file run10.cif (mmCIF, C-alpha atoms)
data_coords
#
loop_
_atom_site.label_atom_id
_atom_site.label_comp_id
_atom_site.auth_asym_id
_atom_site.auth_seq_id
_atom_site.Cartn_x
_atom_site.Cartn_y
_atom_site.Cartn_z
CA MET A 24 83.61 57.41 71.61
CA SER A 25 83.89 61.08 72.58
CA THR A 26 83.94 63.55 69.70
CA ALA A 27 85.87 66.81 69.56
CA HIS A 28 82.63 68.61 70.46
CA ASP A 29 82.24 66.38 73.51
CA VAL A 30 85.75 67.16 74.68
CA THR A 31 85.18 70.89 74.25
CA ARG A 32 81.88 70.64 76.13
CA ARG A 33 83.45 68.62 78.94
CA GLU A 34 86.21 71.21 79.38
CA ALA A 35 83.66 74.04 79.40
CA ILE A 36 81.56 72.24 82.02
CA ALA A 37 84.64 71.67 84.18
CA GLN A 38 85.24 75.42 84.39
CA TYR A 39 81.91 75.87 86.18
CA ARG A 40 82.49 73.08 88.74
CA LEU A 41 78.84 72.05 88.78
CA ILE A 42 78.97 68.27 88.95
CA GLY A 43 78.77 66.87 92.44
CA GLU A 44 78.36 70.30 94.06
CA PRO A 45 75.45 71.37 96.31
CA LEU A 46 72.45 72.85 94.53
CA GLU A 47 72.88 76.54 93.73
CA PRO A 48 69.95 78.57 95.15
CA ASP A 49 70.01 81.03 92.24
CA LEU A 50 69.73 78.16 89.73
CA GLN A 51 66.92 76.63 91.74
CA GLY A 52 65.07 79.92 91.59
CA LEU A 53 65.44 80.06 87.82
CA VAL A 54 63.96 76.59 87.24
CA GLU A 55 61.02 77.47 89.49
CA LEU A 56 60.50 80.62 87.45
CA ALA A 57 60.75 78.63 84.19
CA ALA A 58 58.04 76.24 85.35
CA THR A 59 55.81 79.17 86.26
CA VAL A 60 56.39 81.07 82.99
CA CYS A 61 55.76 77.95 80.88
CA ARG A 62 52.84 76.77 83.04
CA VAL A 63 54.18 73.26 83.56
CA PRO A 64 54.81 71.28 86.74
CA THR A 65 58.41 70.37 85.95
CA ALA A 66 61.54 72.25 84.93
CA VAL A 67 65.17 71.15 85.00
CA ILE A 68 68.63 72.49 84.29
CA ASN A 69 70.48 69.70 82.54
CA ILE A 70 74.25 69.67 82.13
CA ILE A 71 75.31 67.14 79.49
CA ASP A 72 78.85 65.83 79.17
CA ASP A 73 80.15 63.01 76.96
CA ARG A 74 78.69 60.24 79.16
CA MET A 75 76.01 61.58 81.50
CA GLN A 76 73.19 64.05 81.94
CA HIS A 77 73.35 65.84 85.31
CA GLN A 78 70.35 67.69 86.68
CA VAL A 79 71.88 70.54 88.73
CA ALA A 80 68.55 72.14 89.62
CA ALA A 81 64.99 70.86 89.32
CA VAL A 82 61.41 71.53 90.30
CA GLY A 83 58.68 68.86 90.08
CA VAL A 84 61.22 66.01 90.17
CA GLN A 85 64.20 65.09 92.30
CA ALA A 86 67.43 66.27 90.69
CA ALA A 87 69.40 63.23 89.53
CA SER A 88 71.78 61.98 86.85
CA CYS A 89 71.20 59.53 84.04
CA ALA A 90 73.08 58.06 81.12
CA ARG A 91 73.43 60.42 78.18
CA ASP A 92 71.85 57.81 75.90
CA ASP A 93 68.63 58.07 77.96
CA SER A 94 68.53 61.88 77.90
CA MET A 95 65.97 63.71 75.78
CA CYS A 96 68.05 66.90 75.83
CA ALA A 97 71.15 65.06 74.60
CA ALA A 98 69.25 64.25 71.42
CA VAL A 99 69.01 67.95 70.52
CA ILE A 100 72.10 69.53 72.07
CA SER A 101 74.13 69.13 68.88
CA ASP A 102 71.78 71.72 67.32
CA PRO A 103 71.58 74.36 70.07
CA ARG A 104 68.30 76.17 69.59
CA ARG A 105 64.94 76.29 71.29
CA ILE A 106 62.95 73.07 70.88
CA VAL A 107 59.18 72.80 71.46
CA VAL A 108 57.48 69.37 71.18
CA PRO A 109 53.72 69.29 71.95
CA ASP A 110 53.63 65.46 72.12
CA ALA A 111 56.93 63.58 72.37
CA ARG A 112 55.26 60.33 71.27
CA GLN A 113 54.78 61.87 67.82
CA ASP A 114 58.42 63.02 67.45
CA ILE A 115 60.86 60.52 65.96
CA ARG A 116 63.67 61.86 68.15
CA PHE A 117 61.85 61.04 71.39
CA ALA A 118 59.19 58.38 70.68
CA GLN A 119 61.39 55.52 71.96
CA ASN A 120 63.07 57.48 74.75
CA PRO A 121 62.66 55.90 78.23
CA PHE A 122 61.45 59.28 79.57
CA VAL A 123 58.55 58.98 77.12
CA THR A 124 57.78 55.26 76.98
CA GLY A 125 57.22 54.90 80.73
CA GLU A 126 60.48 53.11 81.49
CA ILE A 127 61.58 56.21 83.41
CA ALA A 128 58.68 58.66 82.95
CA TYR A 129 55.65 59.46 80.77
CA THR A 130 56.73 62.77 79.22
CA ARG A 131 54.42 64.23 76.61
CA PHE A 132 55.04 67.97 76.31
CA TYR A 133 58.72 68.94 76.10
CA ALA A 134 60.48 72.26 75.48
CA SER A 135 64.08 73.35 76.00
CA SER A 136 66.42 76.29 75.44
CA PRO A 137 70.15 75.65 75.14
CA LEU A 138 72.71 76.80 77.71
CA VAL A 139 75.43 78.36 75.57
CA THR A 140 78.60 79.73 77.16
CA PRO A 141 80.12 83.08 76.09
CA ALA A 142 82.61 81.02 74.06
CA GLY A 143 79.72 79.50 72.09
CA VAL A 144 79.77 76.02 73.67
CA ALA A 145 76.40 74.39 74.41
CA ILE A 146 76.78 72.65 77.79
CA GLY A 147 73.18 71.67 78.43
CA THR A 148 69.60 72.92 78.47
CA LEU A 149 66.95 74.57 80.53
CA CYS A 150 64.02 72.30 79.82
CA VAL A 151 60.37 72.13 80.86
CA PHE A 152 58.03 69.18 80.45
CA ASP A 153 54.66 67.77 81.37
CA SER A 154 52.90 64.42 81.35
CA GLU A 155 50.10 66.07 79.38
CA VAL A 156 50.21 67.19 75.74
CA GLY A 157 50.80 70.92 75.65
CA GLU A 158 52.02 73.98 73.78
CA LEU A 159 54.25 76.98 74.47
CA SER A 160 53.01 80.49 73.81
CA PRO A 161 55.39 82.92 72.02
CA GLU A 162 55.71 84.91 75.25
CA ALA A 163 56.57 81.81 77.27
CA ALA A 164 59.04 80.65 74.61
CA HIS A 165 60.80 84.02 74.77
CA GLY A 166 60.81 83.83 78.56
CA LEU A 167 62.40 80.38 78.45
CA ASP A 168 65.20 81.72 76.23
CA LEU A 169 65.80 84.65 78.58
CA LEU A 170 65.95 82.36 81.61
CA ALA A 171 68.43 80.08 79.83
CA ARG A 172 70.69 83.07 79.32
CA GLN A 173 70.26 83.96 82.99
CA VAL A 174 71.45 80.47 83.92
CA ILE A 175 74.69 81.09 82.02
CA ASP A 176 75.03 84.52 83.67
CA VAL A 177 74.80 82.88 87.10
CA LEU A 178 77.36 80.24 86.15
CA GLU A 179 79.72 82.89 84.76
CA LEU A 180 79.37 84.99 87.90
CA ARG A 181 80.22 81.99 90.05
CA ARG A 182 83.23 81.18 87.88
CA VAL A 183 84.57 84.74 87.94
CA GLN A 184 84.08 84.97 91.69
CA ARG A 185 85.95 81.71 92.20
CA ASP A 186 88.77 82.87 89.91
CA LEU A 187 89.02 86.15 91.80
CA LEU A 188 89.26 84.34 95.12
CA GLN A 189 92.02 82.16 93.72
CA SER A 190 93.78 85.20 92.25
CA ASN A 191 93.51 87.07 95.55
CA ALA A 192 95.00 84.11 97.39
CA MET A 193 97.93 84.07 94.97
CA LEU A 194 98.38 87.83 95.39
CA GLU A 195 98.33 87.43 99.17
CA ASN A 196 101.08 84.82 98.97
CA PHE A 197 103.04 87.07 96.63
CA ALA A 198 102.63 90.05 98.98
CA ALA A 199 103.84 87.98 101.91
CA GLN A 200 106.93 86.91 99.96
CA VAL A 201 107.67 90.47 98.83
CA SER A 202 107.20 91.69 102.38
CA HIS A 203 109.76 89.16 103.58
CA ASP A 204 112.21 90.01 100.77
CA LEU A 205 111.98 93.77 101.39
CA ARG A 206 111.97 93.76 105.16
CA ASN A 207 115.17 91.77 105.48
CA PRO A 208 117.42 94.28 103.66
CA LEU A 209 115.64 97.18 105.37
CA THR A 210 116.26 95.61 108.76
CA ALA A 211 119.90 95.09 107.85
CA LEU A 212 120.18 98.69 106.64
CA SER A 213 118.69 100.01 109.87
CA GLY A 214 121.09 97.87 111.87
CA PHE A 215 124.15 99.14 110.00
CA LEU A 216 122.98 102.74 110.32
CA GLU A 217 122.51 102.28 114.05
CA LEU A 218 126.00 100.79 114.39
CA ALA A 219 127.48 103.66 112.42
CA ALA A 220 125.64 106.26 114.49
CA ASP A 221 126.90 104.70 117.73
CA SER A 222 130.52 104.38 116.59
CA PRO A 223 133.15 106.54 118.39
CA GLU A 224 134.09 108.18 115.08
CA MET A 225 130.73 110.00 115.08
CA ALA A 226 131.40 111.75 118.40
CA GLY A 227 132.93 114.83 116.76
CA ALA A 228 131.20 114.62 113.39
CA THR A 229 128.00 116.54 114.01
CA ARG A 230 126.86 116.82 110.39
CA ALA A 231 127.56 113.16 109.69
CA ALA A 232 125.68 112.17 112.84
CA GLN A 233 122.69 114.26 111.75
CA SER A 234 122.73 112.67 108.30
CA LEU A 235 122.82 109.19 109.84
CA ALA A 236 119.92 110.08 112.13
CA ARG A 237 117.88 111.22 109.15
CA ALA A 238 118.79 108.06 107.25
CA GLU A 239 117.71 105.93 110.23
CA ALA A 240 114.38 107.76 110.40
CA ALA A 241 113.85 107.33 106.66
CA ALA A 242 114.64 103.60 106.85
CA THR A 243 112.20 103.20 109.73
CA ARG A 244 109.46 105.03 107.82
CA MET A 245 110.20 102.96 104.73
CA SER A 246 109.93 99.72 106.68
CA THR A 247 106.60 100.79 108.16
CA MET A 248 105.38 101.94 104.76
CA VAL A 249 106.33 98.63 103.10
CA ALA A 250 104.53 96.63 105.77
CA ASP A 251 101.41 98.77 105.67
CA LEU A 252 101.25 99.01 101.89
CA LEU A 253 101.60 95.27 101.51
CA ASP A 254 98.84 94.81 104.06
CA PHE A 255 96.77 97.28 102.04
CA ALA A 256 97.39 95.31 98.84
CA ARG A 257 96.56 92.07 100.63
CA ILE A 258 93.15 93.22 101.91
CA GLY A 259 92.30 95.18 98.78
CA GLY A 260 92.18 98.50 100.64
CA THR A 261 88.85 97.73 102.30
CA ARG A 262 89.68 98.94 105.80
CA PRO A 263 92.26 101.69 106.24
CA HIS A 264 93.23 102.32 109.86
CA ILE A 265 91.70 105.75 110.44
CA THR A 266 93.27 108.20 112.87
CA ASP A 267 93.74 111.97 113.30
CA ILE A 268 96.57 113.31 111.14
CA ASP A 269 98.12 116.77 111.10
CA VAL A 270 98.58 117.64 107.43
CA ALA A 271 101.58 119.88 108.13
CA ASP A 272 103.35 117.09 110.05
CA ALA A 273 102.60 114.62 107.27
CA VAL A 274 104.03 117.01 104.67
CA ASP A 275 107.18 117.46 106.78
CA ALA A 276 107.68 113.68 106.91
CA VAL A 277 107.16 113.44 103.15
CA LEU A 278 109.68 116.22 102.51
CA GLU A 279 112.24 114.33 104.55
CA ASP A 280 111.81 111.33 102.29
CA LEU A 281 111.92 113.49 99.14
CA ASP A 282 114.79 115.64 100.37
CA GLY A 283 117.25 114.58 97.66
CA ALA A 284 114.88 115.27 94.76
CA ILE A 285 113.72 118.56 96.26
CA VAL A 286 117.25 119.83 96.84
CA ARG A 287 118.36 118.84 93.32
CA ALA A 288 115.41 120.68 91.81
CA GLY A 289 115.76 123.74 94.06
CA ALA A 290 112.08 123.24 94.83
CA GLU A 291 110.07 125.11 97.43
CA VAL A 292 107.19 123.23 99.05
CA ARG A 293 104.77 125.09 101.31
CA VAL A 294 101.78 123.95 103.33
CA ASP A 295 99.19 126.57 104.17
CA ALA A 296 97.80 125.26 107.45
CA SER A 297 98.17 122.80 110.28
CA VAL A 298 94.84 121.01 109.98
CA LEU A 299 93.76 117.69 111.46
CA VAL A 300 92.17 115.28 109.00
CA ARG A 301 90.89 111.72 109.40
CA ALA A 302 92.82 109.14 107.38
CA ASP A 303 95.19 106.19 107.50
CA ASP A 304 98.55 107.68 108.50
CA THR A 305 100.80 105.60 106.23
CA LEU A 306 98.47 105.67 103.23
CA PHE A 307 97.99 109.43 103.63
CA ARG A 308 101.74 109.96 103.52
CA VAL A 309 102.07 107.73 100.46
CA LEU A 310 99.33 109.76 98.80
CA LEU A 311 101.03 113.08 99.56
CA GLN A 312 104.43 111.72 98.59
CA ASN A 313 103.19 110.67 95.16
CA LEU A 314 101.46 113.98 94.49
CA ILE A 315 104.32 116.18 95.72
CA ALA A 316 106.93 114.07 93.89
CA ASN A 317 104.87 114.38 90.68
CA ALA A 318 104.57 118.15 91.13
CA VAL A 319 108.35 118.52 91.49
CA LYS A 320 109.20 116.05 88.72
CA PHE A 321 106.89 117.47 86.08
CA THR A 322 107.70 121.09 86.89
CA VAL A 323 111.38 120.29 86.38
CA ALA A 324 110.42 118.64 83.07
CA ALA A 325 108.76 121.92 82.10
CA GLU A 326 112.14 123.60 82.76
CA ARG A 327 110.92 125.66 85.71
CA VAL A 328 112.00 125.85 89.34
CA PRO A 329 109.24 124.03 91.26
CA ARG A 330 106.99 125.99 93.59
CA VAL A 331 104.59 123.57 95.22
CA ASP A 332 101.74 124.56 97.53
CA VAL A 333 99.81 122.10 99.68
CA LEU A 334 96.41 123.62 100.48
CA VAL A 335 93.82 122.34 102.93
CA GLU A 336 90.16 123.38 102.78
CA THR A 337 87.77 122.30 105.51
CA LEU A 338 84.41 121.22 104.09
CA PRO A 339 81.13 120.70 105.98
CA ASP A 340 81.59 116.92 105.71
CA GLY A 341 85.34 116.49 105.23
CA TRP A 342 88.47 118.06 103.78
CA ARG A 343 89.79 118.94 100.35
CA ILE A 344 93.59 118.79 100.01
CA SER A 345 95.23 120.24 96.90
CA VAL A 346 98.81 120.06 95.63
CA ASP A 347 99.52 122.92 93.19
CA ASP A 348 102.57 123.26 90.97
CA ASN A 349 103.83 125.84 88.50
CA GLY A 350 104.68 123.40 85.71
CA ASP A 351 102.50 122.59 82.72
CA ALA A 352 98.81 121.79 83.20
CA VAL A 353 97.69 118.27 82.28
CA ASP A 354 95.53 118.32 79.16
CA PRO A 355 91.82 118.19 80.10
CA GLU A 356 91.23 115.09 77.96
CA LEU A 357 93.92 113.23 79.91
CA ARG A 358 92.85 114.19 83.42
CA ASP A 359 90.73 111.11 84.01
CA ARG A 360 92.83 108.65 82.01
CA VAL A 361 96.08 109.26 83.92
CA PHE A 362 94.52 107.64 87.01
CA GLU A 363 94.45 104.29 85.19
CA PRO A 364 97.38 101.91 85.84
CA MET A 365 100.25 102.24 83.35
CA GLU A 366 98.82 105.44 81.83
CA ARG A 367 101.27 108.34 81.45
CA GLY A 368 100.27 111.94 80.87
CA HIS A 369 103.80 112.91 79.85
CA GLY A 370 106.55 111.93 77.47
CA ALA A 371 109.17 109.26 77.90
CA GLU A 372 111.69 111.89 79.04
CA VAL A 373 110.02 111.89 82.50
CA GLN A 374 110.80 108.81 84.55
CA GLY A 375 107.98 106.60 85.78
CA ILE A 376 105.77 103.70 84.69
CA GLY A 377 102.38 105.33 85.30
CA ILE A 378 101.41 103.62 88.54
CA GLY A 379 101.62 106.53 91.02
CA LEU A 380 98.29 108.22 90.32
CA ALA A 381 96.53 104.85 90.11
CA THR A 382 97.84 104.12 93.61
CA CYS A 383 96.62 107.55 94.76
CA ARG A 384 93.14 106.88 93.45
CA ARG A 385 93.00 103.50 95.11
CA ILE A 386 94.01 104.99 98.46
CA VAL A 387 91.49 107.84 98.22
CA GLU A 388 88.66 105.52 97.19
CA ALA A 389 89.53 103.18 100.07
CA HIS A 390 88.80 106.18 102.33
CA GLY A 391 85.48 106.80 100.57
CA GLY A 392 86.78 109.95 98.88
CA SER A 393 87.41 111.26 95.38
CA ILE A 394 90.43 112.56 93.48
CA GLY A 395 91.07 114.57 90.33
CA LEU A 396 93.22 117.03 88.40
CA ASP A 397 92.59 120.67 87.51
CA GLU A 398 94.68 123.64 86.44
CA SER A 399 96.48 125.41 89.29
CA PRO A 400 96.36 129.21 89.79
CA ALA A 401 100.00 129.33 88.64
CA GLY A 402 99.06 127.74 85.34
CA GLY A 403 100.39 124.28 86.25
CA THR A 404 98.52 121.26 87.59
CA ARG A 405 96.39 121.06 90.70
CA ALA A 406 96.04 117.50 92.06
CA TRP A 407 93.23 117.43 94.60
CA PHE A 408 91.52 114.84 96.73
CA VAL A 409 88.57 114.94 99.11
CA LEU A 410 88.45 112.90 102.31
CA PRO A 411 85.10 112.49 104.07
CA ALA A 412 84.95 113.19 107.79
CA ALA A 413 83.15 109.87 108.31
CA ALA A 414 85.83 107.79 106.58
#
call {"tool": "encode", "arguments": {"input": "run10.cif", "output": "structure tokens"}}
result
Amino acid sequence: MSTAHDVTRREAIAQYRLIGEPLEPDLQGLVELAATVCRVPTAVINIIDDRMQHQVAAVGVQAASCARDDSMCAAVISDPRRIVVPDARQDIRFAQNPFVTGEIAYTRFYASSPLVTPAGVAIGTLCVFDSEVGELSPEAAHGLDLLARQVIDVLELRRVQRDLLQSNAMLENFAAQVSHDLRNPLTALSGFLELAADSPEMAGATRAAQSLARAEAAATRMSTMVADLLDFARIGGTRPHITDIDVADAVDAVLEDLDGAIVRAGAEVRVDASVLVRADDTLFRVLLQNLIANAVKFTVAAERVPRVDVLVETLPDGWRISVDDNGDAVDPELRDRVFEPMERGHGAEVQGIGIGLATCRRIVEAHGGSIGLDESPAGGTRAWFVLPAAA
């Protein structure tokens, strides 16, 4: 009958998905190294559940499974520590074992180190054995323990990688659903704006027609931005679509989108030069929009009229773009931390959930660049980022 320890061990083993899978090359390399370190012909990684012993990697024998009752390692797994037995025939735990008596094999020397998960569950052993009586030097014993821990590291790495792949698949499905849910109302909005712009009532309403045209352009940009950002989230930002971008034109497009906030704040936003940089067009605009919106928002919170300067410096191997404001400077000890998701470098009186700068950093790093905060010449905050020419 399975004990509580057996159930816990079985559940831990299931997380690693070892049983019935192809041999893992990294595990095979570790058993070969164990045999070499311990100077024996045979080494095995045994995974022991409540019924069976499964050899998931082996050197000197063919990896196979056997009943737990026949396993030598199962006899010691309840006390997970290194075991060294010079002659198994002289050990009461193993003298009648079929691996010793000749029914299965003629094992004499036996040594094992337990495989213990980070949660403290012993799921098996890394064991070495020989048909000759032997001994394990202190150095070899230490090496066996280290290799056993390496086995667990490999298994953990495989598990985390598998979990990440599953998580990424779920995120991809979520992104696709969000994309569908956002695009539909945006498409409807664009359609209604187009109908309104084409209506006879707009013929003599110049200002209204201009406002509708700007709204149509904003809706179109928003739709493109949603699609591209969701694609970016889906692929993890590994491959931005690089093109030549005029910084001044990008700032103009951003100011159109931020027009309401800028007008309410009485803000002045200036760009010092029309410079071509290499970046993903949509992601670059998202980056600028976040930084300029922050500059305006936090300067207003400091009870000043925002004066925002977008500066472009051409470097030998790229460009440095800065967004300066005349608000309050971010405290030096916070300048790295505010780039973490959900971190806020301001009080609750300023709206936001602390995701904007984290998004900015992700975009810049996807381009192979860097980003940071300094104090601006006006005493406020300078948000800067560097884009390499070979993005």
call {"tool": "resolve_selection", "arguments": {"input": "run10.cif", "expression": "the PyMOL selection byres ((chain A and resi 212) around 12)", "output": "MDAnalysis selection string"}}
result
chainID A and resid 205:211 213:219 235 238:243 245:246
call {"tool": "resolve_selection", "arguments": {"input": "run10.cif", "expression": "the PyMOL selection byres ((chain A and resi 391-394) around 10)", "output": "number ranges by chain"}}
result
A: 261, 341-345, 359, 362, 380, 383-390, 395-396, 406-414
call {"tool": "atom_distance", "arguments": {"input": "run10.cif", "atom1": "CA of Leu357 in chain A", "atom2": "CA of Asn313 in chain A"}}
result
18.0 Å
call {"tool": "resolve_selection", "arguments": {"input": "run10.cif", "expression": "the PyMOL selection byres ((chain A and resi 335) around 9)", "output": "count of residues only"}}
result
14
call {"tool": "residues_around", "arguments": {"input": "run10.cif", "residues": "Ile71 in chain A", "least_positions_apart": "3", "cutoff": "9 Å", "atoms": "all atoms listed in the file", "output": "NGL selection string"}}
result
:A and (32-33 or 36 or 74-78 or 91 or 94 or 96-97 or 100 or 145-148)
call {"tool": "atom_distance", "arguments": {"input": "run10.cif", "atom1": "CA of Val286 in chain A", "atom2": "CA of Arg405 in chain A"}}
result
21.8 Å
call {"tool": "atom_distance", "arguments": {"input": "run10.cif", "atom1": "CA of Leu281 in chain A", "atom2": "CA of Leu299 in chain A"}}
result
22.3 Å
call {"tool": "residues_around", "arguments": {"input": "run10.cif", "residues": "Asp153 in chain A", "least_positions_apart": "6", "cutoff": "8 Å", "atoms": "all atoms listed in the file", "output": "PyMOL selection string"}}
result
chain A and resi 63-65+130-133
call {"tool": "residues_around", "arguments": {"input": "run10.cif", "residues": "Thr59 in chain A", "least_positions_apart": "4", "cutoff": "12 Å", "atoms": "only C-alpha atoms", "output": "list of chain:residue names"}}
result
A:Gly52, A:Leu53, A:Val54, A:Glu55, A:Val63, A:Pro64, A:Thr65, A:Ala66, A:Val82, A:Gly83, A:Val151, A:Phe152, A:Ala163, A:Gly166, A:Leu167, A:Leu170
call {"tool": "residues_around", "arguments": {"input": "run10.cif", "residues": "Asn317 in chain A", "least_positions_apart": "5", "cutoff": "9 Å", "atoms": "all atoms listed in the file", "output": "PyMOL selection string"}}
result
chain A and resi 312+322+379
call {"tool": "write_last_selection", "arguments": {"input": "run10.cif", "atoms": "C-alpha atoms", "output": "PDB file, in the frame of the given file"}}
result
ATOM      1  CA  GLN A 312     104.430 111.720  98.590  1.00  0.00           C
ATOM      2  CA  THR A 322     107.700 121.090  86.890  1.00  0.00           C
ATOM      3  CA  GLY A 379     101.620 106.530  91.020  1.00  0.00           C
TER       4      GLY A 379
END
call {"tool": "closest_residue", "arguments": {"input": "run10.cif", "among": "A:Arg104, A:Arg244, A:Arg116, A:Arg330", "to": "Val309 in chain A", "atoms": "only C-alpha atoms"}}
result
A:Arg244
call {"tool": "residues_around", "arguments": {"input": "run10.cif", "residues": "Phe321 in chain A", "least_positions_apart": "2", "cutoff": "8 Å", "atoms": "all atoms listed in the file", "output": "ChimeraX atom specification"}}
result
/A:317-319,323-325,350-351,373
call {"tool": "write_last_selection", "arguments": {"input": "run10.cif", "atoms": "C-alpha atoms", "output": "compact mmCIF listing (two decimals), in the coordinates of the input"}}
result
# COMPACT_ATOMS: atom_id res chain seq x y z
CA ASN A 317 104.87 114.38 90.68
CA ALA A 318 104.57 118.15 91.13
CA VAL A 319 108.35 118.52 91.49
CA VAL A 323 111.38 120.29 86.38
CA ALA A 324 110.42 118.64 83.07
CA ALA A 325 108.76 121.92 82.10
CA GLY A 350 104.68 123.40 85.71
CA ASP A 351 102.50 122.59 82.72
CA VAL A 373 110.02 111.89 82.50
call {"tool": "closest_residue", "arguments": {"input": "run10.cif", "among": "A:Arg301, A:Arg62, A:Arg237, A:His165", "to": "Ala276 in chain A", "atoms": "all atoms listed in the file"}}
result
A:Arg237
call {"tool": "closest_residue", "arguments": {"input": "run10.cif", "among": "A:Gly283, A:Pro355, A:Pro109, A:Pro121", "to": "Met95 in chain A", "atoms": "only C-alpha atoms"}}
result
A:Pro121
call {"tool": "closest_residue", "arguments": {"input": "run10.cif", "among": "A:Gln184, A:Ser234, A:Ser190, A:Gln173", "to": "Leu56 in chain A", "atoms": "all atoms listed in the file"}}
result
A:Gln173
